[in-house]
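Visitor: PDB, C-alpha atoms (C1' of nucleotides), file coords_2.pdb:
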ATOM      1  CA  MET A  12      61.512 -16.118 -19.558  1.00  0.00           C
ATOM      2  CA  SER A  13      59.181 -18.910 -18.577  1.00  0.00           C
ATOM      3  CA  VAL A  14      56.061 -20.040 -20.345  1.00  0.00           C
ATOM      4  CA  PRO A  15      52.844 -19.555 -18.331  1.00  0.00           C
ATOM      5  CA  LEU A  16      51.843 -23.174 -18.689  1.00  0.00           C
ATOM      6  CA  MET A  17      49.066 -23.233 -16.110  1.00  0.00           C
ATOM      7  CA  GLU A  18      47.512 -20.002 -17.334  1.00  0.00           C
ATOM      8  CA  ILE A  19      47.461 -21.359 -20.863  1.00  0.00           C
ATOM      9  CA  TYR A  20      45.869 -24.530 -19.591  1.00  0.00           C
ATOM     10  CA  GLU A  21      43.180 -22.719 -17.649  1.00  0.00           C
ATOM     11  CA  ARG A  22      42.360 -20.499 -20.609  1.00  0.00           C
ATOM     12  CA  LEU A  23      41.934 -23.508 -22.861  1.00  0.00           C
ATOM     13  CA  LEU A  24      39.889 -25.397 -20.307  1.00  0.00           C
ATOM     14  CA  ASP A  25      37.593 -22.409 -19.733  1.00  0.00           C
ATOM     15  CA  HIS A  26      37.117 -21.978 -23.443  1.00  0.00           C
ATOM     16  CA  PHE A  27      36.654 -25.542 -24.623  1.00  0.00           C
ATOM     17  CA  GLY A  28      35.708 -27.494 -21.500  1.00  0.00           C
ATOM     18  CA  ARG A  29      36.942 -30.987 -20.759  1.00  0.00           C
ATOM     19  CA  GLN A  30      37.752 -33.152 -23.777  1.00  0.00           C
ATOM     20  CA  TYR A  31      37.499 -36.671 -22.313  1.00  0.00           C
ATOM     21  CA  TRP A  32      40.375 -38.081 -24.333  1.00  0.00           C
ATOM     22  CA  TRP A  33      41.542 -40.338 -26.023  1.00  0.00           C
ATOM     23  CA  PRO A  34      38.414 -40.701 -28.250  1.00  0.00           C
ATOM     24  CA  ALA A  35      38.360 -44.519 -28.095  1.00  0.00           C
ATOM     25  CA  GLU A  36      36.476 -47.072 -26.055  1.00  0.00           C
ATOM     26  CA  SER A  37      39.249 -49.156 -24.507  1.00  0.00           C
ATOM     27  CA  PRO A  38      43.013 -49.262 -24.012  1.00  0.00           C
ATOM     28  CA  PHE A  39      43.155 -51.663 -26.950  1.00  0.00           C
ATOM     29  CA  GLU A  40      41.418 -49.149 -29.190  1.00  0.00           C
ATOM     30  CA  VAL A  41      43.733 -46.384 -28.004  1.00  0.00           C
ATOM     31  CA  LEU A  42      46.739 -48.437 -28.929  1.00  0.00           C
ATOM     32  CA  VAL A  43      45.448 -49.344 -32.379  1.00  0.00           C
ATOM     33  CA  SER A  44      44.250 -45.850 -33.202  1.00  0.00           C
ATOM     34  CA  ALA A  45      47.531 -44.334 -32.015  1.00  0.00           C
ATOM     35  CA  VAL A  46      49.312 -46.188 -34.815  1.00  0.00           C
ATOM     36  CA  LEU A  47      46.601 -45.584 -37.398  1.00  0.00           C
ATOM     37  CA  VAL A  48      46.484 -41.824 -36.831  1.00  0.00           C
ATOM     38  CA  GLN A  49      50.141 -41.256 -37.774  1.00  0.00           C
ATOM     39  CA  ASN A  50      50.130 -38.302 -40.170  1.00  0.00           C
ATOM     40  CA  THR A  51      46.450 -38.899 -40.851  1.00  0.00           C
ATOM     41  CA  SER A  52      43.198 -37.132 -40.088  1.00  0.00           C
ATOM     42  CA  TRP A  53      41.086 -38.561 -37.298  1.00  0.00           C
ATOM     43  CA  SER A  54      38.028 -39.056 -39.536  1.00  0.00           C
ATOM     44  CA  ASN A  55      39.877 -41.795 -41.444  1.00  0.00           C
ATOM     45  CA  VAL A  56      40.803 -43.492 -38.184  1.00  0.00           C
ATOM     46  CA  GLU A  57      37.250 -43.312 -36.909  1.00  0.00           C
ATOM     47  CA  LYS A  58      35.987 -45.077 -39.981  1.00  0.00           C
ATOM     48  CA  VAL A  59      38.486 -47.899 -39.581  1.00  0.00           C
ATOM     49  CA  MET A  60      37.814 -48.281 -35.858  1.00  0.00           C
ATOM     50  CA  GLY A  61      34.172 -48.829 -36.786  1.00  0.00           C
ATOM     51  CA  ILE A  62      35.169 -51.499 -39.292  1.00  0.00           C
ATOM     52  CA  LEU A  63      37.337 -53.272 -36.739  1.00  0.00           C
ATOM     53  CA  ARG A  64      34.460 -53.339 -34.250  1.00  0.00           C
ATOM     54  CA  GLU A  65      32.062 -54.698 -36.850  1.00  0.00           C
ATOM     55  CA  GLU A  66      34.554 -57.406 -37.693  1.00  0.00           C
ATOM     56  CA  GLY A  67      34.838 -58.388 -34.033  1.00  0.00           C
ATOM     57  CA  MET A  68      38.443 -57.242 -33.657  1.00  0.00           C
ATOM     58  CA  ARG A  69      38.342 -56.237 -30.005  1.00  0.00           C
ATOM     59  CA  THR A  70      41.531 -57.580 -28.441  1.00  0.00           C
ATOM     60  CA  VAL A  71      45.253 -57.804 -28.978  1.00  0.00           C
ATOM     61  CA  GLU A  72      44.858 -61.503 -29.700  1.00  0.00           C
ATOM     62  CA  ASP A  73      42.150 -60.928 -32.336  1.00  0.00           C
ATOM     63  CA  LEU A  74      44.410 -58.679 -34.389  1.00  0.00           C
ATOM     64  CA  ASP A  75      47.554 -60.655 -33.670  1.00  0.00           C
ATOM     65  CA  ASP A  76      45.893 -63.767 -35.115  1.00  0.00           C
ATOM     66  CA  LEU A  77      44.626 -61.999 -38.221  1.00  0.00           C
ATOM     67  CA  ALA A  78      46.578 -62.564 -41.450  1.00  0.00           C
ATOM     68  CA  ILE A  79      48.382 -59.400 -42.396  1.00  0.00           C
ATOM     69  CA  GLU A  80      46.797 -59.258 -45.851  1.00  0.00           C
ATOM     70  CA  GLU A  81      43.391 -59.275 -44.159  1.00  0.00           C
ATOM     71  CA  LEU A  82      44.514 -56.578 -41.791  1.00  0.00           C
ATOM     72  CA  PHE A  83      45.557 -54.457 -44.769  1.00  0.00           C
ATOM     73  CA  GLU A  84      42.057 -54.686 -46.209  1.00  0.00           C
ATOM     74  CA  LEU A  85      40.318 -53.803 -42.950  1.00  0.00           C
ATOM     75  CA  ILE A  86      42.427 -50.723 -42.330  1.00  0.00           C
ATOM     76  CA  ARG A  87      42.701 -49.568 -45.951  1.00  0.00           C
ATOM     77  CA  PRO A  88      40.593 -46.383 -45.571  1.00  0.00           C
ATOM     78  CA  VAL A  89      43.061 -44.975 -43.063  1.00  0.00           C
ATOM     79  CA  GLY A  90      45.741 -44.438 -45.716  1.00  0.00           C
ATOM     80  CA  TYR A  91      49.328 -45.740 -45.536  1.00  0.00           C
ATOM     81  CA  TYR A  92      47.599 -49.022 -44.788  1.00  0.00           C
ATOM     82  CA  ARG A  93      50.474 -51.340 -45.711  1.00  0.00           C
ATOM     83  CA  ILE A  94      53.091 -49.631 -43.572  1.00  0.00           C
ATOM     84  CA  LYS A  95      50.642 -49.145 -40.724  1.00  0.00           C
ATOM     85  CA  GLY A  96      49.530 -52.767 -40.884  1.00  0.00           C
ATOM     86  CA  LYS A  97      53.129 -53.857 -40.466  1.00  0.00           C
ATOM     87  CA  ARG A  98      53.695 -51.393 -37.623  1.00  0.00           C
ATOM     88  CA  LEU A  99      50.615 -52.630 -35.831  1.00  0.00           C
ATOM     89  CA  LYS A 100      51.787 -56.218 -36.223  1.00  0.00           C
ATOM     90  CA  ASN A 101      55.193 -55.279 -34.780  1.00  0.00           C
ATOM     91  CA  LEU A 102      53.526 -53.763 -31.741  1.00  0.00           C
ATOM     92  CA  LEU A 103      51.197 -56.726 -31.248  1.00  0.00           C
ATOM     93  CA  ALA A 104      54.103 -59.164 -31.467  1.00  0.00           C
ATOM     94  CA  TYR A 105      55.943 -57.203 -28.785  1.00  0.00           C
ATOM     95  CA  ILE A 106      52.923 -57.342 -26.467  1.00  0.00           C
ATOM     96  CA  ARG A 107      52.548 -61.065 -27.063  1.00  0.00           C
ATOM     97  CA  ASP A 108      56.221 -61.945 -26.650  1.00  0.00           C
ATOM     98  CA  ARG A 109      57.109 -59.636 -23.788  1.00  0.00           C
ATOM     99  CA  HIS A 110      53.863 -59.320 -21.850  1.00  0.00           C
ATOM    100  CA  GLY A 111      51.940 -62.496 -22.608  1.00  0.00           C
ATOM    101  CA  GLY A 112      49.532 -60.508 -24.771  1.00  0.00           C
ATOM    102  CA  SER A 113      48.200 -58.621 -21.748  1.00  0.00           C
ATOM    103  CA  LEU A 114      47.949 -54.833 -21.846  1.00  0.00           C
ATOM    104  CA  GLU A 115      47.414 -54.787 -18.105  1.00  0.00           C
ATOM    105  CA  ALA A 116      50.657 -56.647 -17.600  1.00  0.00           C
ATOM    106  CA  MET A 117      52.435 -54.352 -20.043  1.00  0.00           C
ATOM    107  CA  PHE A 118      51.383 -51.229 -18.179  1.00  0.00           C
ATOM    108  CA  GLN A 119      52.781 -52.586 -14.914  1.00  0.00           C
ATOM    109  CA  THR A 120      56.218 -52.077 -16.412  1.00  0.00           C
ATOM    110  CA  PRO A 121      58.047 -49.002 -15.061  1.00  0.00           C
ATOM    111  CA  LEU A 122      57.323 -46.045 -17.343  1.00  0.00           C
ATOM    112  CA  ASP A 123      60.863 -45.269 -18.460  1.00  0.00           C
ATOM    113  CA  ARG A 124      61.651 -48.837 -19.330  1.00  0.00           C
ATOM    114  CA  LEU A 125      58.363 -49.416 -21.148  1.00  0.00           C
ATOM    115  CA  ARG A 126      58.852 -46.225 -23.141  1.00  0.00           C
ATOM    116  CA  ARG A 127      62.319 -47.305 -24.245  1.00  0.00           C
ATOM    117  CA  GLU A 128      61.017 -50.699 -25.286  1.00  0.00           C
ATOM    118  CA  LEU A 129      58.158 -49.213 -27.292  1.00  0.00           C
ATOM    119  CA  LEU A 130      60.597 -46.915 -29.091  1.00  0.00           C
ATOM    120  CA  GLU A 131      62.655 -49.926 -30.158  1.00  0.00           C
ATOM    121  CA  ILE A 132      59.687 -51.284 -32.114  1.00  0.00           C
ATOM    122  CA  ASN A 133      59.879 -50.430 -35.799  1.00  0.00           C
ATOM    123  CA  GLY A 134      57.089 -47.975 -36.528  1.00  0.00           C
ATOM    124  CA  ILE A 135      56.629 -46.693 -32.984  1.00  0.00           C
ATOM    125  CA  GLY A 136      58.112 -43.217 -32.594  1.00  0.00           C
ATOM    126  CA  PRO A 137      57.943 -40.816 -29.667  1.00  0.00           C
ATOM    127  CA  GLU A 138      54.441 -39.490 -30.245  1.00  0.00           C
ATOM    128  CA  THR A 139      52.895 -42.893 -30.776  1.00  0.00           C
ATOM    129  CA  ALA A 140      54.704 -44.314 -27.737  1.00  0.00           C
ATOM    130  CA  ASP A 141      53.690 -41.426 -25.502  1.00  0.00           C
ATOM    131  CA  SER A 142      50.082 -41.567 -26.695  1.00  0.00           C
ATOM    132  CA  ILE A 143      49.889 -45.244 -25.798  1.00  0.00           C
ATOM    133  CA  LEU A 144      51.552 -44.721 -22.425  1.00  0.00           C
ATOM    134  CA  LEU A 145      49.388 -41.781 -21.427  1.00  0.00           C
ATOM    135  CA  TYR A 146      46.028 -42.546 -22.977  1.00  0.00           C
ATOM    136  CA  ALA A 147      45.974 -46.334 -22.807  1.00  0.00           C
ATOM    137  CA  GLY A 148      48.144 -46.830 -19.717  1.00  0.00           C
ATOM    138  CA  ASN A 149      47.366 -43.678 -17.755  1.00  0.00           C
ATOM    139  CA  LEU A 150      51.096 -43.205 -17.194  1.00  0.00           C
ATOM    140  CA  PRO A 151      52.448 -39.656 -16.736  1.00  0.00           C
ATOM    141  CA  THR A 152      54.310 -38.867 -19.961  1.00  0.00           C
ATOM    142  CA  PHE A 153      53.494 -35.751 -21.968  1.00  0.00           C
ATOM    143  CA  VAL A 154      52.424 -36.163 -25.595  1.00  0.00           C
ATOM    144  CA  VAL A 155      53.749 -33.674 -28.131  1.00  0.00           C
ATOM    145  CA  ASP A 156      52.428 -33.392 -31.661  1.00  0.00           C
ATOM    146  CA  ALA A 157      52.482 -31.139 -34.698  1.00  0.00           C
ATOM    147  CA  TYR A 158      49.717 -28.952 -33.232  1.00  0.00           C
ATOM    148  CA  THR A 159      51.654 -28.435 -30.021  1.00  0.00           C
ATOM    149  CA  LEU A 160      54.657 -27.207 -31.971  1.00  0.00           C
ATOM    150  CA  ARG A 161      52.618 -24.894 -34.211  1.00  0.00           C
ATOM    151  CA  ILE A 162      50.783 -23.338 -31.297  1.00  0.00           C
ATOM    152  CA  PHE A 163      53.841 -22.867 -29.136  1.00  0.00           C
ATOM    153  CA  ALA A 164      55.965 -21.540 -31.984  1.00  0.00           C
ATOM    154  CA  ARG A 165      53.206 -19.130 -33.000  1.00  0.00           C
ATOM    155  CA  HIS A 166      53.214 -17.609 -29.535  1.00  0.00           C
ATOM    156  CA  GLY A 167      56.998 -17.475 -29.264  1.00  0.00           C
ATOM    157  CA  TRP A 168      57.109 -20.086 -26.505  1.00  0.00           C
ATOM    158  CA  ALA A 169      59.192 -22.569 -28.494  1.00  0.00           C
ATOM    159  CA  GLU A 170      61.661 -22.483 -31.352  1.00  0.00           C
ATOM    160  CA  PRO A 171      59.895 -23.459 -34.588  1.00  0.00           C
ATOM    161  CA  ASP A 172      62.557 -26.075 -35.248  1.00  0.00           C
ATOM    162  CA  CYS A 173      62.830 -27.526 -31.760  1.00  0.00           C
ATOM    163  CA  ASP A 174      62.727 -31.277 -31.485  1.00  0.00           C
ATOM    164  CA  TYR A 175      60.232 -33.583 -29.829  1.00  0.00           C
ATOM    165  CA  HIS A 176      62.130 -34.066 -26.615  1.00  0.00           C
ATOM    166  CA  GLN A 177      62.768 -30.359 -26.081  1.00  0.00           C
ATOM    167  CA  LEU A 178      59.092 -29.571 -26.352  1.00  0.00           C
ATOM    168  CA  LYS A 179      58.141 -32.521 -24.169  1.00  0.00           C
ATOM    169  CA  SER A 180      60.579 -31.377 -21.481  1.00  0.00           C
ATOM    170  CA  LEU A 181      59.118 -27.898 -21.508  1.00  0.00           C
ATOM    171  CA  PHE A 182      55.852 -29.385 -20.231  1.00  0.00           C
ATOM    172  CA  GLU A 183      57.238 -32.074 -17.968  1.00  0.00           C
ATOM    173  CA  ASP A 184      59.683 -29.701 -16.261  1.00  0.00           C
ATOM    174  CA  GLY A 185      57.046 -27.015 -15.803  1.00  0.00           C
ATOM    175  CA  LEU A 186      54.010 -29.017 -14.675  1.00  0.00           C
ATOM    176  CA  GLU A 187      53.231 -31.361 -11.822  1.00  0.00           C
ATOM    177  CA  ARG A 188      53.860 -34.942 -12.841  1.00  0.00           C
ATOM    178  CA  ASP A 189      50.193 -35.855 -13.232  1.00  0.00           C
ATOM    179  CA  ALA A 190      48.729 -38.129 -15.892  1.00  0.00           C
ATOM    180  CA  ALA A 191      45.272 -36.525 -15.645  1.00  0.00           C
ATOM    181  CA  LEU A 192      46.765 -33.070 -16.231  1.00  0.00           C
ATOM    182  CA  TYR A 193      48.937 -34.249 -19.143  1.00  0.00           C
ATOM    183  CA  ASN A 194      45.922 -35.990 -20.608  1.00  0.00           C
ATOM    184  CA  GLU A 195      43.650 -32.960 -20.594  1.00  0.00           C
ATOM    185  CA  TYR A 196      46.375 -30.510 -21.587  1.00  0.00           C
ATOM    186  CA  HIS A 197      47.329 -32.345 -24.739  1.00  0.00           C
ATOM    187  CA  ALA A 198      43.693 -32.957 -25.648  1.00  0.00           C
ATOM    188  CA  LEU A 199      43.002 -29.221 -25.346  1.00  0.00           C
ATOM    189  CA  LEU A 200      46.008 -28.368 -27.501  1.00  0.00           C
ATOM    190  CA  VAL A 201      44.737 -30.653 -30.247  1.00  0.00           C
ATOM    191  CA  ARG A 202      41.307 -29.094 -29.966  1.00  0.00           C
ATOM    192  CA  LEU A 203      42.839 -25.641 -30.365  1.00  0.00           C
ATOM    193  CA  GLY A 204      45.166 -26.857 -33.100  1.00  0.00           C
ATOM    194  CA  LYS A 205      42.200 -27.680 -35.263  1.00  0.00           C
ATOM    195  CA  GLU A 206      41.167 -24.026 -35.333  1.00  0.00           C
ATOM    196  CA  ARG A 207      41.829 -22.417 -38.652  1.00  0.00           C
ATOM    197  CA  CYS A 208      44.502 -19.957 -37.568  1.00  0.00           C
ATOM    198  CA  TYR A 209      46.744 -22.794 -36.457  1.00  0.00           C
ATOM    199  CA  LYS A 210      46.420 -24.465 -39.824  1.00  0.00           C
ATOM    200  CA  ARG A 211      47.616 -21.417 -41.757  1.00  0.00           C
ATOM    201  CA  LYS A 212      44.195 -20.648 -43.093  1.00  0.00           C
ATOM    202  CA  PRO A 213      42.224 -17.379 -43.080  1.00  0.00           C
ATOM    203  CA  GLN A 214      41.174 -16.395 -39.570  1.00  0.00           C
ATOM    204  CA  CYS A 215      40.477 -18.334 -36.472  1.00  0.00           C
ATOM    205  CA  GLN A 216      36.923 -18.308 -35.186  1.00  0.00           C
ATOM    206  CA  ALA A 217      37.997 -18.238 -31.580  1.00  0.00           C
ATOM    207  CA  CYS A 218      41.407 -17.507 -30.107  1.00  0.00           C
ATOM    208  CA  PRO A 219      41.396 -18.303 -26.407  1.00  0.00           C
ATOM    209  CA  LEU A 220      45.136 -17.606 -26.259  1.00  0.00           C
ATOM    210  CA  GLU A 221      44.861 -14.252 -28.018  1.00  0.00           C
ATOM    211  CA  GLN A 222      45.963 -12.373 -24.895  1.00  0.00           C
ATOM    212  CA  PHE A 223      49.281 -14.190 -25.108  1.00  0.00           C
ATOM    213  CA  LEU A 224      50.086 -13.290 -28.722  1.00  0.00           C
ATOM    214  CA  PRO A 225      53.253 -11.204 -29.039  1.00  0.00           C
ATOM    215  CA  GLU A 226      52.885  -7.560 -30.003  1.00  0.00           C
ATOM    216  CA  GLY A 227      52.681  -7.240 -33.757  1.00  0.00           C
ATOM    217  CA  GLY A 228      50.989 -10.570 -34.223  1.00  0.00           C
ATOM    218  CA  PRO A 229      52.090 -14.179 -34.380  1.00  0.00           C
ATOM    219  CA  VAL A 230      55.721 -15.136 -34.613  1.00  0.00           C
ATOM    220  CA  GLU A 231      56.590 -16.217 -38.131  1.00  0.00           C
ATOM    221  CA  PRO A 232      56.696 -18.734 -39.534  1.00  0.00           C
ATOM    222  CA  VAL A 233      53.733 -20.552 -38.080  1.00  0.00           C
ATOM    223  CA  ASP A 234      54.292 -23.632 -40.154  1.00  0.00           C
ATOM    224  CA  GLY A 235      56.358 -25.964 -38.010  1.00  0.00           C
ATOM    225  CA  ALA A 236      55.669 -29.136 -40.016  1.00  0.00           C
TER     226      ALA A 236
ATOM    227  C1'  DT B   7      41.092 -29.104 -57.856  1.00  0.00           C
ATOM    228  C1'  DG B   8      44.941 -29.435 -55.155  1.00  0.00           C
ATOM    229  C1'  DC B   9      46.340 -29.536 -50.525  1.00  0.00           C
ATOM    230  C1'  DC B  10      46.326 -31.249 -46.068  1.00  0.00           C
ATOM    231  C1'  DA B  11      46.138 -34.638 -42.171  1.00  0.00           C
ATOM    232  C1'  DG B  12      47.246 -35.908 -34.093  1.00  0.00           C
ATOM    233  C1'  DG B  13      54.580 -39.688 -37.903  1.00  0.00           C
ATOM    234  C1'  DC B  14      58.121 -42.548 -38.806  1.00  0.00           C
ATOM    235  C1'  DC B  15      61.592 -44.891 -41.384  1.00  0.00           C
ATOM    236  C1'  DG B  16      65.406 -45.610 -44.643  1.00  0.00           C
ATOM    237  C1'  DG B  17      68.669 -44.100 -47.908  1.00  0.00           C
ATOM    238  C1'  DG B  18      71.663 -40.587 -49.605  1.00  0.00           C
ATOM    239  C1'  DT B  19      74.858 -36.881 -48.758  1.00  0.00           C
TER     240       DT B  19
ATOM    241  C1'  DA C   3      74.497 -35.202 -38.365  1.00  0.00           C
ATOM    242  C1'  DC C   4      71.296 -33.608 -41.519  1.00  0.00           C
ATOM    243  C1'  DC C   5      67.907 -33.778 -45.423  1.00  0.00           C
ATOM    244  C1'  DC C   6      64.496 -35.840 -48.171  1.00  0.00           C
ATOM    245  C1'  DG C   7      61.260 -38.965 -50.358  1.00  0.00           C
ATOM    246  C1'  DG C   8      57.977 -42.621 -49.519  1.00  0.00           C
ATOM    247  C1'  DC C   9      53.956 -44.227 -47.522  1.00  0.00           C
ATOM    248  C1'  DA C  10      47.760 -43.622 -49.411  1.00  0.00           C
ATOM    249  C1'  DT C  11      43.072 -42.512 -48.359  1.00  0.00           C
ATOM    250  C1'  DG C  12      39.318 -39.192 -47.419  1.00  0.00           C
ATOM    251  C1'  DG C  13      37.633 -34.433 -46.637  1.00  0.00           C
ATOM    252  C1'  DC C  14      37.366 -29.656 -47.665  1.00  0.00           C
TER     253       DC C  14
END
Represent the structure contained in this file as structure tokens.
Guide:
Amino acid sequence: MSVPLMEIYERLLDHFGRQYWWPAESPFEVLVSAVLVQNTSWSNVEKVMGILREEGMRTVEDLDDLAIEELFELIRPVGYYRIKGKRLKNLLAYIRDRHGGSLEAMFQTPLDRLRRELLEINGIGPETADSILLYAGNLPTFVVDAYTLRIFARHGWAEPDCDYHQLKSLFEDGLERDAALYNEYHALLVRLGKERCYKRKPQCQACPLEQFLPEGGPVEPVDGA
DNA sequence: TGCCAGGCCGGGT
DNA sequence: ACCCGGCATGGC
């Protein structure tokens, strides 16, 4: 009983086209927005990324040097701004202390070791770490998120209560180890996840994976949290 | 208007 | 090992 990962991918790619992710302008912006987007809609993050650009916050050092109370004010519209400000500061301190403040240097670190170190930082969990590694560092680690779980549970390809690592392994064991593939695949899943039927609302406008739905409709529950 | 959003942590059982 | 509340703003 294996999941047709490449067929799913091709269906999504045919339907939506390439996504050109992560929607940010530099590895620095990827890293910052990966923290800011935790349990938050992208529109809030977009607004704050615009504020940071206007304020000239374009590097690790710029933000590292900023007083935390000032950081709170700049990122306020994102929501959870106090906790996220602290988490961002934790990450910036790690990059300063362990990599001389250089993202390029940081991404020279072997993937497994860098991932473990990121996960030790308070406020950096598996999704945030993997997003940074893949989308800022171009390193081959698959990113799993709430959409991925909802979509895969809905189609009966994953247990609704399976954990992050189980779902991640499903992709990494079944696909070529290729950062470009992981990048596009996850981006397409998020794109699909935003469709109404994957948010437990009325009907989806377009269901490119419809042919894969089990007989008798989606597996319940679709929720997945 | 209430409900939801591309998580993660800490405290209680 | 689980389960749960807290964190906060903006959009529909």
Visitor: Rounded to one decimal place, report the atom CA of A:Trp32-atom CA of A:Asp76 distance in Å.
Guide: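 These atoms are spaced 28.4 Å apart.
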Visitor: Please return, as a list in words, all residues of chain B lying within 10 Å of chain A when all atoms listed in the file are considered.
Guide: DC10, DA11, DG12, DG13, DC14 and DC15 of chain B
Visitor: Give me the result of the PyMOL selection byres ((chain A) within 6 of (chain C)) on this file, residue by residue, as an MDAnalysis selection string.
Guide: chainID A and resid 88:91
Visitor: By how many Å are atom CA of A:Tyr20 and atom CA of A:Gln222 apart?
Guide: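 Atom CA of A:Gln222 lies at a distance of 13.3 Å from atom CA of A:Tyr20.
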Visitor: Using atom CA of A:Ile79 and atom CA of A:Val43 as the two end points, give the distance in Å to one decimal.
Guide: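 Going from atom CA of A:Ile79 over to atom CA of A:Val43, I get 14.5 Å.
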Visitor: Write out N, CA and C atoms for stretch 51-68 of chain A, as a PDB file, keeping the file's coordinate frame.
Guide:
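Written out: rebuild30.pdb:
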ATOM      1  N   THR A  51      47.745 -38.593 -40.237  1.00  0.00           N
ATOM      2  CA  THR A  51      46.450 -38.899 -40.851  1.00  0.00           C
ATOM      3  C   THR A  51      45.346 -38.191 -40.080  1.00  0.00           C
ATOM      4  N   SER A  52      44.291 -37.805 -40.786  1.00  0.00           N
ATOM      5  CA  SER A  52      43.198 -37.132 -40.088  1.00  0.00           C
ATOM      6  C   SER A  52      42.343 -38.138 -39.315  1.00  0.00           C
ATOM      7  N   TRP A  53      41.799 -37.673 -38.209  1.00  0.00           N
ATOM      8  CA  TRP A  53      41.086 -38.561 -37.298  1.00  0.00           C
ATOM      9  C   TRP A  53      39.869 -39.197 -37.954  1.00  0.00           C
ATOM     10  N   SER A  54      39.239 -38.506 -38.908  1.00  0.00           N
ATOM     11  CA  SER A  54      38.028 -39.056 -39.536  1.00  0.00           C
ATOM     12  C   SER A  54      38.321 -40.389 -40.219  1.00  0.00           C
ATOM     13  N   ASN A  55      39.501 -40.520 -40.832  1.00  0.00           N
ATOM     14  CA  ASN A  55      39.877 -41.795 -41.444  1.00  0.00           C
ATOM     15  C   ASN A  55      40.000 -42.886 -40.382  1.00  0.00           C
ATOM     16  N   VAL A  56      40.592 -42.530 -39.261  1.00  0.00           N
ATOM     17  CA  VAL A  56      40.803 -43.492 -38.184  1.00  0.00           C
ATOM     18  C   VAL A  56      39.467 -43.950 -37.615  1.00  0.00           C
ATOM     19  N   GLU A  57      38.570 -43.004 -37.451  1.00  0.00           N
ATOM     20  CA  GLU A  57      37.250 -43.312 -36.909  1.00  0.00           C
ATOM     21  C   GLU A  57      36.524 -44.337 -37.772  1.00  0.00           C
ATOM     22  N   LYS A  58      36.633 -44.142 -39.063  1.00  0.00           N
ATOM     23  CA  LYS A  58      35.987 -45.077 -39.981  1.00  0.00           C
ATOM     24  C   LYS A  58      36.550 -46.487 -39.799  1.00  0.00           C
ATOM     25  N   VAL A  59      37.861 -46.581 -39.719  1.00  0.00           N
ATOM     26  CA  VAL A  59      38.486 -47.899 -39.581  1.00  0.00           C
ATOM     27  C   VAL A  59      38.193 -48.512 -38.217  1.00  0.00           C
ATOM     28  N   MET A  60      38.142 -47.721 -37.174  1.00  0.00           N
ATOM     29  CA  MET A  60      37.814 -48.281 -35.858  1.00  0.00           C
ATOM     30  C   MET A  60      36.412 -48.882 -35.873  1.00  0.00           C
ATOM     31  N   GLY A  61      35.507 -48.255 -36.626  1.00  0.00           N
ATOM     32  CA  GLY A  61      34.172 -48.829 -36.786  1.00  0.00           C
ATOM     33  C   GLY A  61      34.206 -50.157 -37.511  1.00  0.00           C
ATOM     34  N   ILE A  62      35.020 -50.245 -38.545  1.00  0.00           N
ATOM     35  CA  ILE A  62      35.169 -51.499 -39.292  1.00  0.00           C
ATOM     36  C   ILE A  62      35.723 -52.591 -38.387  1.00  0.00           C
ATOM     37  N   LEU A  63      36.730 -52.263 -37.616  1.00  0.00           N
ATOM     38  CA  LEU A  63      37.337 -53.272 -36.739  1.00  0.00           C
ATOM     39  C   LEU A  63      36.328 -53.791 -35.717  1.00  0.00           C
ATOM     40  N   ARG A  64      35.499 -52.898 -35.194  1.00  0.00           N
ATOM     41  CA  ARG A  64      34.460 -53.339 -34.250  1.00  0.00           C
ATOM     42  C   ARG A  64      33.472 -54.257 -34.935  1.00  0.00           C
ATOM     43  N   GLU A  65      33.029 -53.865 -36.119  1.00  0.00           N
ATOM     44  CA  GLU A  65      32.062 -54.698 -36.850  1.00  0.00           C
ATOM     45  C   GLU A  65      32.626 -56.076 -37.144  1.00  0.00           C
ATOM     46  N   GLU A  66      33.916 -56.129 -37.368  1.00  0.00           N
ATOM     47  CA  GLU A  66      34.554 -57.406 -37.693  1.00  0.00           C
ATOM     48  C   GLU A  66      34.928 -58.190 -36.447  1.00  0.00           C
ATOM     49  N   GLY A  67      34.580 -57.658 -35.276  1.00  0.00           N
ATOM     50  CA  GLY A  67      34.838 -58.388 -34.033  1.00  0.00           C
ATOM     51  C   GLY A  67      36.281 -58.350 -33.575  1.00  0.00           C
ATOM     52  N   MET A  68      37.032 -57.374 -34.051  1.00  0.00           N
ATOM     53  CA  MET A  68      38.443 -57.242 -33.657  1.00  0.00           C
ATOM     54  C   MET A  68      38.519 -56.363 -32.405  1.00  0.00           C
TER      55      MET A  68
END
